[in-house]
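A.B. asks: Dumping the structure here so I can ask a few things about it.
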Protein chains: 6
Amino acid sequence: MMTELGIVRRKVKRAERTAVEALSRYGVATVHEAMGRIGLMKPYMRPIYPGALVSGTAVTVLLHPGDNWMMHVAAEQIEPGDIVVAAITADCADGYFGDLLATSFMARGAKGLIIDAGVRDVKALTEMGFPVWSKCVSAKGTVKATLGSVNVPVVCAGAAVNPGDAIVADDDGVVVVPAETASKTAEAAKAREANEDDKRLKLAAGVLGLDMYKMREPLEQAGLKYVD
Amino acid sequence: MMTELGIVRRKVKRAERTAVEALSRYGVATVHEAMGRIGLMKPYMRPIYPGALVSGTAVTVLLHPGDNWMMHVAAEQIEPGDIVVAAITADCADGYFGDLLATSFMARGAKGLIIDAGVRDVKALTEMGFPVWSKCVSAKGTVKATLGSVNVPVVCAGAAVNPGDAIVADDDGVVVVPAETASKTAEAAKAREANEDDKRLKLAAGVLGLDMYKMREPLEQAGLKYVD
Amino acid sequence: MMTELGIVRRKVKRAERTAVEALSRYGVATVHEAMGRIGLMKPYMRPIYPGALVSGTAVTVLLHPGDNWMMHVAAEQIEPGDIVVAAITADCADGYFGDLLATSFMARGAKGLIIDAGVRDVKALTEMGFPVWSKCVSAKGTVKATLGSVNVPVVCAGAAVNPGDAIVADDDGVVVVPAETASKTAEAAKAREANEDDKRLKLAAGVLGLDMYKMREPLEQAGLKYVD
Amino acid sequence: MMTELGIVRRKVKRAERTAVEALSRYGVATVHEAMGRIGLMKPYMRPIYPGALVSGTAVTVLLHPGDNWMMHVAAEQIEPGDIVVAAITADCADGYFGDLLATSFMARGAKGLIIDAGVRDVKALTEMGFPVWSKCVSAKGTVKATLGSVNVPVVCAGAAVNPGDAIVADDDGVVVVPAETASKTAEAAKAREANEDDKRLKLAAGVLGLDMYKMREPLEQAGLKYVD
Amino acid sequence: MMTELGIVRRKVKRAERTAVEALSRYGVATVHEAMGRIGLMKPYMRPIYPGALVSGTAVTVLLHPGDNWMMHVAAEQIEPGDIVVAAITADCADGYFGDLLATSFMARGAKGLIIDAGVRDVKALTEMGFPVWSKCVSAKGTVKATLGSVNVPVVCAGAAVNPGDAIVADDDGVVVVPAETASKTAEAAKAREANEDDKRLKLAAGVLGLDMYKMREPLEQAGLKYVD
Amino acid sequence: MMTELGIVRRKVKRAERTAVEALSRYGVATVHEAMGRIGLMKPYMRPIYPGALVSGTAVTVLLHPGDNWMMHVAAEQIEPGDIVVAAITADCADGYFGDLLATSFMARGAKGLIIDAGVRDVKALTEMGFPVWSKCVSAKGTVKATLGSVNVPVVCAGAAVNPGDAIVADDDGVVVVPAETASKTAEAAKAREANEDDKRLKLAAGVLGLDMYKMREPLEQAGLKYVD
């Protein structure tokens, strides 16, 4: 599957639904760790309102700067449980998406939008409860004149995304889980979280990470010196 | 009317009040579209608290980096319904404005501040309900030593602003409407919004933008290909 | 006391507790002015949630990019009332700190974290009420492989910080008060704030800063011209 | 004259030729000072090769992000001695201009290009000796699909530019001189430079600016203290 | 082939040598256009000295922030004609590469380095004639403590790169050509360039792009208006 | 010694001259490594022309945004062999320094300027051979109205600098060596460089860093896997 312009791929192998739903139980930080610390989008991707946590399968869109034509093409490809992931062929801060498109996406069953560009009507989107993670907020309108693609591989905010990949997003950012590893990653996240509960209790009781993680010896071997 | 330093213009032809008030009914995105997609400030201009929507007429201020002297000069030129638009002669993130100046501006009838620099005392400003759109938040204090101007043409956050222009600001950003086109723009915004309500209902019912906007034929002519 | 790597200083002369507590009564803007307008961190340092106001004494940490090992070493050096100030040897946006470390820091009596890098688990941190001022939010995990230092002089977000210095942080940013001047600064802040209350009343009553600060004559001498 | 899209203004009142040529004798820094320290574009505008110094009259172009169609429209409006000033309706780093357009612009008599976006073919442009000041270098190609305007007022890199204004550009940046003040500015620049030659000789001989500018007394009055 | 950490892939299917060499005859701008305007890295990637034009096949490296250990692992995988493409798991400006590594890479036959981070010893690298395209120049040293990978798919400066892909870099930036389309792209670039020579002659003779590209009619249809 | 405004310190204990001169034999990268990888300014500090390598003792200046008054005060404190290090109390890109001040600084024996702000007249400075490392180039003029300080501790581009510290600057950036460790650092740099010559010869002969640094075993222990 190549990245090219002027293409809409209709048949997409989506990450397994149960795995995607399982991922939504863990935060982005935990899933990212479970992935081996890869797959994270750049930290400039921020939610338009705090508190949202979603997971879904990627419908990818590749757009031209200042042009949101393909967003309408993408709407038709959305299946319930999808998250639209929009990449631009070059850096652009225009407002590609507002409450009308959100109304359409919600009607199709989309769970959110990840866009490496700007978004507008954020007050309305917040009231509608349609979560968006974006590079910025901008009222700048776009035209509908140049073709891009839907459901081709894209790079969005520094992360490679294939159509059908699992996406998890919350207040900490956005992480991409390849469709074929979604189940394995959900299990690893579960194991990691179970492990964290125990640690949390110990730390709250005053146990130091130095002791809990047995770091004193390796720190000494690395040459750490205590002075007064 | 030229941009020069050391000048205070007292008589300003302000945009017609009814037009300015009408603009406050529509969001920045709608007004910006009604303007023909021009007049928007850069998206780095953000409100210090969410949810504010104001419109007013511009009292412009041109300031030196690190110097807020002219803010006090501007206060005297404020008439009820004005919004102060502050530009700096070079990029500066200092905190030019805090709760004391806000108290004075409010007493004069100002509806808000747009500043291409920093602002401080944001907790107090939020409690006072005085909305500010700024480049950043900064506690950095300024001096009062160098002249700027009040009510000269300025460039603020990438937008040209003349004294008396209509300003609309909300969570999506800030747009400038030249005084002489405020009425025409308010009408265009009204027409645009009426039009949007109908679209919103259709999209919510599952109609695709592809069909509602009759995009399928032009997309095909542009060469869009569907693959499986 | 030199900045060097691989060192943990255990004995730190902290700013006097009563002075540090006194500073918490004034905002960052007031303390920064009382300092003579120095000591402020860069305005990119933002709180993860609004409304927090803390003061405390600095436990400094110097970390390697992508490596939070020394955070665990720092935890042991925390005394009740401390604020951890974390600097990185080069710009890095990784998420060095999350809810587990926050649990440990809180158990030790820390009042907050100032970090010139990223932080994660911000929803949990907000619920825990552990305030953090950071360069960004990022879920990006770090390793534990390379030594840094604890309680050495650091530069954090453009401000020089010595261990034991008083730190004040609120919605306007973060200011550093050298330990030896904390008392004097608290007094200056108090005097400044008393002074501001009176000004606030006058300005609210419609008195102009131009008159209250007697600016008309110096403005005229500087050459300010009023035109119609 | 309003900023609007879809317009080409053919008749432009250009700054007087002799004044524009006179301005080319002084650097941007001197002209900017002679202007009263206004009119400068943001410092991110850099020349693609060092050493060029040009002055000319502005043909302005307003372009859509990712779309250089109006560059071809602008070419026809170029008269010998003009400099094209290109603004984009929103931030964009695409490469709007390369060696083919430069060939056309040179054939029309253009002396250079100022563009608040990207440029490409910089090696060829350097060999052709066609100077460009731009926000960045980028090979990213653009489309030709959406109307902008030629010879309307624009904001380019933070400076307001009207068609016909005098532009001066060198290694220090780009300054805009309104057409109606070009002669006066050229004279002020000349006076300033004459004044500087004398100062330069004194400073080279070891005279201090403190003495030459008689700063010691005002510094003392401002409270400067010398300590050992 | 997945992106994971701790892996070195020894067998890489490289783009066909004749195609890669052919690509070096055209600049980055031409190849990028021949690709359909995709595959370009972000414009912040700049050469450390002007005038270099190279093409080669990618050896990819994925590194941890502040850690260049895998650069040494990559050296062994270099074959004559390769270009090393280094990505970091998070933004980092450290100086990962200097004259010692360049000496080793040159001895292995590498034609250059593309790195989404910093580089140092730029004077020596310039004298050695080893071209580097990087995000910045930085003397900041790195450690050798954490595993990354060699010859896995990476995202470098916004572009997806697979091991073996063809890379073309010059003063305009860096473009990535998938191995399987290198021949087709070289042919398209050749056709494009032939086409450009003819256009260049016409434009130099004063023919306008408006006429040469037959733009007058579509511009009129789009609504462009000429005014005086 | 405190950072405060309105102070000029006349007596400064400078780093020992022979140590400072010795440091000039090594590049910034080597000195930074010899320092234990600390003391480097941020990589945005760039030379105005390539190829300069200087070392000297710091005369520090702390300036207000948009105000270069203290540069003239600093000139008097320059002794032959000094490098002026200029910090601003908040981010500012104005052009604080041009050919007149450079003439004065050269007459006093200064070897260069390091400034965390803008510089202008770069063509003249290049012709004069007066090296400057700065955040940017800007023609923006400054005023002379507000006090700063000379020879107080400053933070310049992220590095703490005390008056008298040794400064080394070249194409790779700027490093600060505390006065009291200059001799020790010069020796460490010398040892490091001797060591590098031998490595360079081996690497040029095709020996891999993997073998020369004996990395194969630790890489294997860390879990690195080779696949085909």
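Naming works like this for the structure tokens: A, B, ... for the chains as they're shown, residue 1 at the start of each chain, ligands 1 onward in shown order.
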Determine, using only C-alpha atoms, which residues of chain A have any atom at most 10 Å from an atom of chain C, and tabulate each with its shortest atom pair and distance in Å to one decimal place, rows ordered by chain and then rising number, as JSON lines.

C.D. replies:
{"residue": "A:Gly27", "atom": "CA", "partner": "C:Asp121", "partner_atom": "CA", "distance": 7.9}
{"residue": "A:Val28", "atom": "CA", "partner": "C:Ala139", "partner_atom": "CA", "distance": 6.6}
{"residue": "A:Ala29", "atom": "CA", "partner": "C:Ala139", "partner_atom": "CA", "distance": 4.7}
{"residue": "A:Thr30", "atom": "CA", "partner": "C:Ala139", "partner_atom": "CA", "distance": 8.4}
{"residue": "A:Val31", "atom": "CA", "partner": "C:Ala139", "partner_atom": "CA", "distance": 9.4}
{"residue": "A:His32", "atom": "CA", "partner": "C:Ala139", "partner_atom": "CA", "distance": 7.3}
{"residue": "A:Glu33", "atom": "CA", "partner": "C:Gly141", "partner_atom": "CA", "distance": 6.6}
{"residue": "A:Gly36", "atom": "CA", "partner": "C:Gly141", "partner_atom": "CA", "distance": 9.2}
{"residue": "A:Arg37", "atom": "CA", "partner": "C:Gly141", "partner_atom": "CA", "distance": 6.2}
{"residue": "A:Ile38", "atom": "CA", "partner": "C:Lys140", "partner_atom": "CA", "distance": 8.3}
{"residue": "A:Gly39", "atom": "CA", "partner": "C:Lys140", "partner_atom": "CA", "distance": 9.5}
{"residue": "A:Leu40", "atom": "CA", "partner": "C:Lys140", "partner_atom": "CA", "distance": 7.0}
{"residue": "A:Met41", "atom": "CA", "partner": "C:Lys140", "partner_atom": "CA", "distance": 9.2}
{"residue": "A:Lys42", "atom": "CA", "partner": "C:Ser138", "partner_atom": "CA", "distance": 8.0}
{"residue": "A:Pro43", "atom": "CA", "partner": "C:Ser138", "partner_atom": "CA", "distance": 5.2}
{"residue": "A:Tyr44", "atom": "CA", "partner": "C:Cys136", "partner_atom": "CA", "distance": 8.0}
{"residue": "A:Met45", "atom": "CA", "partner": "C:Ser138", "partner_atom": "CA", "distance": 9.3}
{"residue": "A:Arg46", "atom": "CA", "partner": "C:Val137", "partner_atom": "CA", "distance": 8.6}
{"residue": "A:Pro50", "atom": "CA", "partner": "C:Lys123", "partner_atom": "CA", "distance": 8.3}
{"residue": "A:Gly51", "atom": "CA", "partner": "C:Lys123", "partner_atom": "CA", "distance": 7.0}
{"residue": "A:Ala52", "atom": "CA", "partner": "C:Lys123", "partner_atom": "CA", "distance": 9.8}
{"residue": "A:Asp170", "atom": "CA", "partner": "C:Lys123", "partner_atom": "CA", "distance": 8.8}
{"residue": "A:Asp171", "atom": "CA", "partner": "C:Lys123", "partner_atom": "CA", "distance": 6.6}
{"residue": "A:Asp172", "atom": "CA", "partner": "C:Ala139", "partner_atom": "CA", "distance": 5.4}
{"residue": "A:Gly173", "atom": "CA", "partner": "C:Ala139", "partner_atom": "CA", "distance": 6.5}
{"residue": "A:Val174", "atom": "CA", "partner": "C:Ala139", "partner_atom": "CA", "distance": 8.4}
{"residue": "A:Val175", "atom": "CA", "partner": "C:Ala139", "partner_atom": "CA", "distance": 8.8}
{"residue": "A:Glu196", "atom": "CA", "partner": "C:Leu100", "partner_atom": "CA", "distance": 7.8}
{"residue": "A:Asp197", "atom": "CA", "partner": "C:Leu100", "partner_atom": "CA", "distance": 9.1}
{"residue": "A:Lys199", "atom": "CA", "partner": "C:Leu100", "partner_atom": "CA", "distance": 7.5}
{"residue": "A:Arg200", "atom": "CA", "partner": "C:Leu100", "partner_atom": "CA", "distance": 5.8}
{"residue": "A:Leu201", "atom": "CA", "partner": "C:Thr103", "partner_atom": "CA", "distance": 8.6}
{"residue": "A:Lys202", "atom": "CA", "partner": "C:Ser104", "partner_atom": "CA", "distance": 8.6}
{"residue": "A:Leu203", "atom": "CA", "partner": "C:Ser104", "partner_atom": "CA", "distance": 4.8}
{"residue": "A:Ala204", "atom": "CA", "partner": "C:Thr103", "partner_atom": "CA", "distance": 5.4}
{"residue": "A:Ala205", "atom": "CA", "partner": "C:Ala107", "partner_atom": "CA", "distance": 6.8}
{"residue": "A:Gly206", "atom": "CA", "partner": "C:Ala107", "partner_atom": "CA", "distance": 5.5}
{"residue": "A:Val207", "atom": "CA", "partner": "C:Ser104", "partner_atom": "CA", "distance": 7.6}
{"residue": "A:Leu208", "atom": "CA", "partner": "C:Glu76", "partner_atom": "CA", "distance": 6.8}
{"residue": "A:Gly209", "atom": "CA", "partner": "C:His72", "partner_atom": "CA", "distance": 5.6}
{"residue": "A:Leu210", "atom": "CA", "partner": "C:His72", "partner_atom": "CA", "distance": 5.9}
{"residue": "A:Asp211", "atom": "CA", "partner": "C:His72", "partner_atom": "CA", "distance": 9.4}
{"residue": "A:Tyr213", "atom": "CA", "partner": "C:His72", "partner_atom": "CA", "distance": 9.4}
{"residue": "A:Met215", "atom": "CA", "partner": "C:His72", "partner_atom": "CA", "distance": 8.6}
{"residue": "A:Arg216", "atom": "CA", "partner": "C:Val73", "partner_atom": "CA", "distance": 8.8}
{"residue": "A:Pro218", "atom": "CA", "partner": "C:Ala145", "partner_atom": "CA", "distance": 9.2}
{"residue": "A:Leu219", "atom": "CA", "partner": "C:Leu147", "partner_atom": "CA", "distance": 7.6}
{"residue": "A:Glu220", "atom": "CA", "partner": "C:Gly6", "partner_atom": "CA", "distance": 9.7}
{"residue": "A:Ala222", "atom": "CA", "partner": "C:Leu147", "partner_atom": "CA", "distance": 7.1}
{"residue": "A:Gly223", "atom": "CA", "partner": "C:Gly6", "partner_atom": "CA", "distance": 6.6}
{"residue": "A:Leu224", "atom": "CA", "partner": "C:Gly6", "partner_atom": "CA", "distance": 4.7}
{"residue": "A:Lys225", "atom": "CA", "partner": "C:Ile7", "partner_atom": "CA", "distance": 5.0}
{"residue": "A:Tyr226", "atom": "CA", "partner": "C:Val8", "partner_atom": "CA", "distance": 4.7}
{"residue": "A:Val227", "atom": "CA", "partner": "C:Arg9", "partner_atom": "CA", "distance": 4.9}
{"residue": "A:Asp228", "atom": "CA", "partner": "C:Lys11", "partner_atom": "CA", "distance": 5.0}

A.B. asks: If we count only C-alpha atoms and set the cut-off at 7 Å, which residues sit around Thr3 in chain C, ignoring sequence neighbours fewer than 6 positions away in its own chain? Please answer as an mmCIF file with N, CA and C atoms, in the first residue's frame.

C.D. replies:
data_model
loop_
_atom_site.group_PDB
_atom_site.id
_atom_site.type_symbol
_atom_site.label_atom_id
_atom_site.label_comp_id
_atom_site.auth_asym_id
_atom_site.auth_seq_id
_atom_site.Cartn_x
_atom_site.Cartn_y
_atom_site.Cartn_z
ATOM 1 N N VAL C 152 22.400 20.552 42.720
ATOM 2 C CA VAL C 152 23.471 21.406 42.184
ATOM 3 C C VAL C 152 22.789 22.630 41.566
ATOM 4 N N PRO C 153 23.529 23.712 41.321
ATOM 5 C CA PRO C 153 22.929 24.860 40.636
ATOM 6 C C PRO C 153 22.505 24.446 39.224
ATOM 7 N N VAL C 154 21.306 24.869 38.815
ATOM 8 C CA VAL C 154 20.829 24.546 37.469
ATOM 9 C C VAL C 154 20.258 25.809 36.812
#

A.B. asks: Write out as a count of residues only each polymer residue whose atoms come within 7 Å of range 155-165 of chain C, counting only C-alpha atoms; drop sequence neighbours fewer than 3 positions from it.

C.D. replies: 25

A.B. asks: So that I can see what lies close to Gly56 in chain A, please list as a ChimeraX atom specification the residues with an atom at most 10 Å from it, counting only C-alpha atoms and leaving out residues fewer than 4 positions away in the same chain.

C.D. replies: /A:14-17,19-21,23-24,80-84,110-112,164-169

A.B. asks: Provide the CA of Asp198 in chain E to CA of Ala182 in chain E distance in Å, to one decimal place.

C.D. replies: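 Atom-to-atom, CA of Asp198 in chain E and CA of Ala182 in chain E are spaced 25.2 Å apart.
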
A.B. asks: If you run DSSP on the backbone, which residues of range 67-120 of chain E are strand (DSSP E), as a list in words?

C.D. replies: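 Selecting the strand (DSSP E) positions of range 67-120 of chain E gives Asp82, Ile83, Val84, Val85, Ala86, Ala87, Ile88, Leu113, Ile114, Ile115, Asp116, Ala117, Gly118 and Val119 of chain E.
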
A.B. asks: For all heavy atoms, I'd like the residues from the last selection saved as a CSV table (one decimal), in the first residue's frame.

C.D. replies:
chain,number,residue,atom,x,y,z
E,82,ASP,N,25.3,4.2,0.1
E,82,ASP,CA,24.3,4.4,1.0
E,82,ASP,C,24.3,5.9,1.6
E,82,ASP,O,25.3,6.5,1.6
E,82,ASP,CB,24.4,3.5,2.2
E,82,ASP,CG,23.9,2.1,1.9
E,82,ASP,OD1,23.2,1.9,0.9
E,82,ASP,OD2,24.2,1.1,2.6
E,83,ILE,N,23.1,6.3,2.1
E,83,ILE,CA,23.0,7.5,2.9
E,83,ILE,C,22.3,7.1,4.2
E,83,ILE,O,21.3,6.4,4.2
E,83,ILE,CB,22.1,8.6,2.1
E,83,ILE,CG1,22.9,9.1,0.9
E,83,ILE,CG2,21.7,9.7,3.0
E,83,ILE,CD1,22.1,10.1,0.1
E,84,VAL,N,22.9,7.5,5.3
E,84,VAL,CA,22.3,7.1,6.6
E,84,VAL,C,21.2,8.1,6.9
E,84,VAL,O,21.4,9.3,6.8
E,84,VAL,CB,23.4,7.1,7.7
E,84,VAL,CG1,22.8,6.8,9.0
E,84,VAL,CG2,24.5,6.1,7.4
E,85,VAL,N,20.1,7.6,7.3
E,85,VAL,CA,18.9,8.4,7.7
E,85,VAL,C,18.6,8.2,9.1
E,85,VAL,O,18.2,7.0,9.5
E,85,VAL,CB,17.7,8.1,6.8
E,85,VAL,CG1,16.5,8.9,7.2
E,85,VAL,CG2,18.0,8.3,5.3
E,86,ALA,N,18.8,9.2,10.0
E,86,ALA,CA,18.7,9.0,11.4
E,86,ALA,C,17.5,9.7,12.0
E,86,ALA,O,17.3,10.9,11.8
E,86,ALA,CB,20.0,9.5,12.1
E,87,ALA,N,16.6,8.9,12.7
E,87,ALA,CA,15.4,9.5,13.3
E,87,ALA,C,15.6,9.3,14.8
E,87,ALA,O,16.2,8.3,15.3
E,87,ALA,CB,14.2,8.7,12.8
E,88,ILE,N,14.9,10.2,15.6
E,88,ILE,CA,15.0,10.1,17.0
E,88,ILE,C,13.6,9.7,17.5
E,88,ILE,O,12.6,10.2,16.9
E,88,ILE,CB,15.5,11.4,17.6
E,88,ILE,CG1,16.6,12.0,16.8
E,88,ILE,CG2,15.9,11.2,19.1
E,88,ILE,CD1,17.9,11.2,16.7
E,113,LEU,N,24.7,12.0,5.3
E,113,LEU,CA,23.8,11.7,6.5
E,113,LEU,C,22.7,12.7,6.5
E,113,LEU,O,22.8,13.9,6.3
E,113,LEU,CB,24.6,12.0,7.8
E,113,LEU,CG,23.8,11.9,9.1
E,113,LEU,CD1,23.3,10.5,9.4
E,113,LEU,CD2,24.7,12.5,10.3
E,114,ILE,N,21.5,12.1,6.8
E,114,ILE,CA,20.3,12.9,7.0
E,114,ILE,C,19.9,12.6,8.4
E,114,ILE,O,19.6,11.5,8.8
E,114,ILE,CB,19.1,12.4,6.1
E,114,ILE,CG1,19.6,12.2,4.6
E,114,ILE,CG2,17.9,13.3,6.2
E,114,ILE,CD1,20.0,13.5,3.9
E,115,ILE,N,19.8,13.7,9.3
E,115,ILE,CA,19.5,13.4,10.7
E,115,ILE,C,18.5,14.5,11.3
E,115,ILE,O,18.8,15.7,11.1
E,115,ILE,CB,20.8,13.4,11.5
E,115,ILE,CG1,20.5,13.1,13.0
E,115,ILE,CG2,21.6,14.6,11.4
E,115,ILE,CD1,21.6,12.6,13.9
E,116,ASP,N,17.5,13.9,11.9
E,116,ASP,CA,16.4,14.8,12.4
E,116,ASP,C,16.8,15.2,13.9
E,116,ASP,O,16.1,14.9,14.8
E,116,ASP,CB,15.1,14.0,12.4
E,116,ASP,CG,13.9,15.0,12.7
E,116,ASP,OD1,14.1,16.2,12.9
E,116,ASP,OD2,12.8,14.5,12.8
E,117,ALA,N,18.0,15.8,14.0
E,117,ALA,CA,18.6,16.2,15.3
E,117,ALA,C,19.8,17.1,14.9
E,117,ALA,O,19.9,17.6,13.8
E,117,ALA,CB,19.0,14.9,16.0
E,118,GLY,N,20.7,17.2,15.9
E,118,GLY,CA,21.9,18.1,15.7
E,118,GLY,C,23.1,17.3,15.2
E,118,GLY,O,23.2,16.1,15.3
E,119,VAL,N,24.1,18.1,14.7
E,119,VAL,CA,25.3,17.6,14.2
E,119,VAL,C,26.4,18.5,14.7
E,119,VAL,O,26.1,19.7,14.9
E,119,VAL,CB,25.3,17.4,12.7
E,119,VAL,CG1,25.1,18.8,12.0
E,119,VAL,CG2,26.5,16.8,12.2
